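A quick write-up on the structure given underneath.
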Amino acid sequence: MAVASSLEEAERVTLEDAGWFHDLGWVGMPGELLQGSRESPESLDAREREACEGHPRRSAEIASELGLGAAVQSAIKAHHERHDGSGYPARLSGDAIPWLGRLLAVAVAVAYAEDGAGSGEGMGRIREGAGSAFDPEAVACLERSLYGIGSK
């Protein structure tokens, strides 16, 4: 995706670092909370939802403590924001979400897709989320990286 979106080398490294560290904020949280947030987020109570939605900020704080730069922290913090503004932790939308955070959101979705390879049903869900969950251009970058299709 970094190549498909024409990122400079420094941005590629930033995106890679953000990918490695984006979920560190889950460390120390109960496993059943993590499992519940993935399997049935609607079943979480307000306190549990708040804890889950705070993990991007905690991840960014840990990245800071590890000496990772502001750009890495910014991408990490934004990886659960949604293009339509219904994400978290800051409810950012569209271009207010840092570009690397938008790319990271799509990359994370691919990693958690059922098929894991970015094709089939998982890829269909990502395509369906373009414009609501995901930035359409970030989804296009994914498609270019996987299939060499789409326009830039």
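Residues in the structure tokens are named by chain (A, B, ... in the order shown) and by number from 1 within that chain; ligands are numbered from 1 in the order shown.
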
* Do a neighbour search on Arg58 (chain A) at 9 Å with only C-alpha atoms, toss out local chain neighbours closer than 5 positions, and write the hits as a ChimeraX atom specification. => /A:23-26,63,77

* To do: Write out as a list of chain:residue names the residues lying within 12 Å of Ala96 (chain A), counting only C-alpha atoms and excluding same-chain residues fewer than 2 positions away.
  => A:Ser74, A:Ala75, A:Ala78, A:Glu81, A:Arg82, A:His83, A:Asp84, A:Gly85, A:Ala90, A:Arg91, A:Leu92, A:Ser93, A:Gly94, A:Pro98, A:Trp99, A:Leu100, A:Gly101, A:Arg102, A:Asp135

Pull the closest atom pair for each residue of region 16-120 of chain A that gets at most 9 Å from region 1-9 of chain A, along with the distance in Å to one decimal, counting only C-alpha atoms, ordering rows by chain and then ascending residue number, as a Markdown table.
```
| residue | atom | partner | partner_atom | distance |
| --- | --- | --- | --- | --- |
| A:Glu16 | CA | A:Ala2 | CA | 8.8 |
| A:Leu103 | CA | A:Met1 | CA | 7.5 |
| A:Ala107 | CA | A:Met1 | CA | 8.0 |
```

File dump, residues just selected, N, CA and C atoms, as a PDB file, in the first residue's frame:
```
ATOM      1  N   GLU A  16       5.021   1.591   8.444  1.00  0.00           N
ATOM      2  CA  GLU A  16       5.425   0.270   8.928  1.00  0.00           C
ATOM      3  C   GLU A  16       5.524   0.255  10.454  1.00  0.00           C
ATOM      4  N   LEU A 103      -4.549   4.921   5.737  1.00  0.00           N
ATOM      5  CA  LEU A 103      -3.933   3.724   5.148  1.00  0.00           C
ATOM      6  C   LEU A 103      -3.830   2.608   6.182  1.00  0.00           C
ATOM      7  N   ALA A 107      -5.180  -1.299   6.192  1.00  0.00           N
ATOM      8  CA  ALA A 107      -4.235  -2.403   6.393  1.00  0.00           C
ATOM      9  C   ALA A 107      -4.657  -3.273   7.575  1.00  0.00           C
TER      10      ALA A 107
END
```

* Choose the residue, out of A:Val106, A:Ala18, A:Cys52, A:Ala70, that has the smallest atom-to-atom separation from Glu137 (chain A); count only C-alpha atoms. => A:Val106

* **Long-range neighbours of Tyr88 (chain A) as a list in words, 12 Å cut-off, only C-alpha atoms, 6 positions minimum in chain** => Arg49, Glu50, Ala51, Cys52, Glu53, Gly54, His55, Pro56, Arg57, Ile76, Lys77, Ala78, His79, His80, Glu81, Arg82, Ile97, Gly101, Ala105 and Ala133 of chain A

Deliver the residues from the most recent selection as a file, using all heavy atoms, as a compact mmCIF listing (two decimals), in the first residue's frame.
```txt
# COMPACT_ATOMS: atom_id res chain seq x y z
N ARG A 49 -16.74 -0.05 26.58
CA ARG A 49 -16.57 0.61 25.28
C ARG A 49 -15.54 1.74 25.39
O ARG A 49 -14.68 1.89 24.53
CB ARG A 49 -17.91 1.17 24.79
CG ARG A 49 -17.83 1.75 23.37
CD ARG A 49 -19.17 2.22 22.81
NE ARG A 49 -20.34 1.43 23.11
CZ ARG A 49 -20.63 0.21 22.60
NH1 ARG A 49 -19.79 -0.35 21.80
NH2 ARG A 49 -21.73 -0.42 22.92
N GLU A 50 -15.61 2.50 26.47
CA GLU A 50 -14.64 3.59 26.68
C GLU A 50 -13.22 3.03 26.79
O GLU A 50 -12.28 3.60 26.22
CB GLU A 50 -15.00 4.36 27.95
CG GLU A 50 -14.11 5.55 28.20
CD GLU A 50 -14.53 6.32 29.45
OE1 GLU A 50 -15.74 6.39 29.74
OE2 GLU A 50 -13.63 6.83 30.14
N ALA A 51 -13.06 1.92 27.48
CA ALA A 51 -11.73 1.30 27.60
C ALA A 51 -11.22 0.86 26.23
O ALA A 51 -10.06 1.11 25.87
CB ALA A 51 -11.78 0.12 28.56
N CYS A 52 -12.08 0.23 25.45
CA CYS A 52 -11.69 -0.22 24.11
C CYS A 52 -11.35 0.96 23.21
O CYS A 52 -10.34 0.94 22.50
CB CYS A 52 -12.82 -1.03 23.47
SG CYS A 52 -13.10 -2.63 24.26
N GLU A 53 -12.18 1.97 23.24
CA GLU A 53 -11.97 3.12 22.37
C GLU A 53 -10.76 3.96 22.77
O GLU A 53 -10.28 4.77 22.00
CB GLU A 53 -13.23 3.98 22.30
CG GLU A 53 -14.35 3.28 21.55
CD GLU A 53 -15.61 4.11 21.39
OE1 GLU A 53 -15.64 5.27 21.85
OE2 GLU A 53 -16.56 3.59 20.79
N GLY A 54 -10.23 3.72 23.96
CA GLY A 54 -9.04 4.44 24.39
C GLY A 54 -7.74 3.77 23.97
O GLY A 54 -6.67 4.37 24.08
N HIS A 55 -7.82 2.57 23.41
CA HIS A 55 -6.57 1.87 23.10
C HIS A 55 -5.72 2.56 22.03
O HIS A 55 -4.49 2.51 22.13
CB HIS A 55 -6.82 0.38 22.77
CG HIS A 55 -7.05 0.08 21.34
ND1 HIS A 55 -8.30 0.04 20.78
CD2 HIS A 55 -6.17 -0.21 20.34
CE1 HIS A 55 -8.19 -0.26 19.50
NE2 HIS A 55 -6.92 -0.42 19.20
N PRO A 56 -6.28 3.27 21.04
CA PRO A 56 -5.39 3.98 20.11
C PRO A 56 -4.57 5.07 20.80
O PRO A 56 -3.37 5.24 20.49
CB PRO A 56 -6.34 4.57 19.07
CG PRO A 56 -7.54 3.69 19.11
CD PRO A 56 -7.67 3.32 20.57
N ARG A 57 -5.18 5.79 21.72
CA ARG A 57 -4.43 6.82 22.46
C ARG A 57 -3.34 6.19 23.32
O ARG A 57 -2.21 6.67 23.38
CB ARG A 57 -5.37 7.65 23.33
CG ARG A 57 -6.15 8.67 22.56
CD ARG A 57 -6.81 9.68 23.52
NE ARG A 57 -7.47 10.70 22.75
CZ ARG A 57 -8.78 10.90 22.75
NH1 ARG A 57 -9.56 10.15 23.50
NH2 ARG A 57 -9.30 11.85 22.01
N ILE A 76 -1.10 5.96 14.47
CA ILE A 76 -1.63 5.00 15.44
C ILE A 76 -2.92 5.52 16.05
O ILE A 76 -3.92 4.79 16.13
CB ILE A 76 -0.58 4.70 16.54
CG1 ILE A 76 0.56 3.86 15.97
CG2 ILE A 76 -1.23 4.02 17.74
CD1 ILE A 76 1.73 3.69 16.91
N LYS A 77 -2.90 6.76 16.48
CA LYS A 77 -4.08 7.34 17.12
C LYS A 77 -5.29 7.33 16.19
O LYS A 77 -6.43 7.21 16.62
CB LYS A 77 -3.78 8.77 17.55
CG LYS A 77 -4.29 9.09 18.93
CD LYS A 77 -4.07 10.53 19.31
CE LYS A 77 -2.60 10.84 19.47
NZ LYS A 77 -2.35 12.19 19.94
N ALA A 78 -5.05 7.42 14.89
CA ALA A 78 -6.14 7.56 13.91
C ALA A 78 -6.61 6.24 13.31
O ALA A 78 -7.55 6.24 12.51
CB ALA A 78 -5.69 8.49 12.78
N HIS A 79 -6.04 5.12 13.68
CA HIS A 79 -6.36 3.90 12.95
C HIS A 79 -7.77 3.36 13.18
O HIS A 79 -8.20 2.47 12.44
CB HIS A 79 -5.29 2.82 13.19
CG HIS A 79 -5.41 2.02 14.44
ND1 HIS A 79 -4.91 2.44 15.65
CD2 HIS A 79 -5.95 0.80 14.65
CE1 HIS A 79 -5.14 1.51 16.56
NE2 HIS A 79 -5.78 0.51 15.98
N HIS A 80 -8.52 3.89 14.13
CA HIS A 80 -9.92 3.50 14.30
C HIS A 80 -10.89 4.65 13.98
O HIS A 80 -12.09 4.54 14.24
CB HIS A 80 -10.19 2.96 15.70
CG HIS A 80 -9.81 1.52 15.85
ND1 HIS A 80 -10.46 0.50 15.20
CD2 HIS A 80 -8.80 0.94 16.56
CE1 HIS A 80 -9.89 -0.65 15.52
NE2 HIS A 80 -8.87 -0.41 16.35
N GLU A 81 -10.37 5.74 13.46
CA GLU A 81 -11.26 6.78 12.98
C GLU A 81 -11.93 6.26 11.71
O GLU A 81 -11.39 5.37 11.03
CB GLU A 81 -10.48 8.07 12.68
CG GLU A 81 -9.77 8.67 13.88
CD GLU A 81 -10.70 9.22 14.96
OE1 GLU A 81 -11.94 9.26 14.77
OE2 GLU A 81 -10.17 9.62 16.01
N ARG A 82 -13.10 6.76 11.40
CA ARG A 82 -13.83 6.32 10.21
C ARG A 82 -14.06 7.50 9.28
O ARG A 82 -14.24 8.62 9.74
CB ARG A 82 -15.18 5.71 10.60
CG ARG A 82 -15.04 4.36 11.29
CD ARG A 82 -16.39 3.83 11.74
NE ARG A 82 -17.41 3.89 10.72
CZ ARG A 82 -17.89 2.83 10.07
NH1 ARG A 82 -17.44 1.63 10.34
NH2 ARG A 82 -18.84 2.98 9.16
N ILE A 97 -8.63 13.09 9.07
CA ILE A 97 -7.89 11.91 9.52
C ILE A 97 -6.55 11.92 8.80
O ILE A 97 -6.51 12.03 7.57
CB ILE A 97 -8.66 10.61 9.20
CG1 ILE A 97 -10.06 10.64 9.80
CG2 ILE A 97 -7.87 9.40 9.68
CD1 ILE A 97 -10.98 9.54 9.30
N GLY A 101 -2.92 7.36 8.85
CA GLY A 101 -3.93 6.70 9.67
C GLY A 101 -5.01 6.06 8.82
O GLY A 101 -5.51 4.97 9.14
N ALA A 105 -5.72 2.08 8.76
CA ALA A 105 -7.05 1.53 9.03
C ALA A 105 -7.39 0.42 8.03
O ALA A 105 -7.92 -0.63 8.40
CB ALA A 105 -8.10 2.63 8.98
N ALA A 133 -16.65 3.54 6.42
CA ALA A 133 -15.60 3.15 7.36
C ALA A 133 -14.22 3.60 6.89
O ALA A 133 -13.40 4.03 7.70
CB ALA A 133 -15.60 1.63 7.55
```

* Got a sec to tell me which of region 30-111 of chain A DSSP assigns to alpha helix (DSSP H), as a PyMOL selection string? -> chain A and resi 31-39+46-53+55-65+70-78+99-111

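Distance-wise, CA of Val108 (chain A) and CA of Ile126 (chain A) end up 10.6 Å apart.
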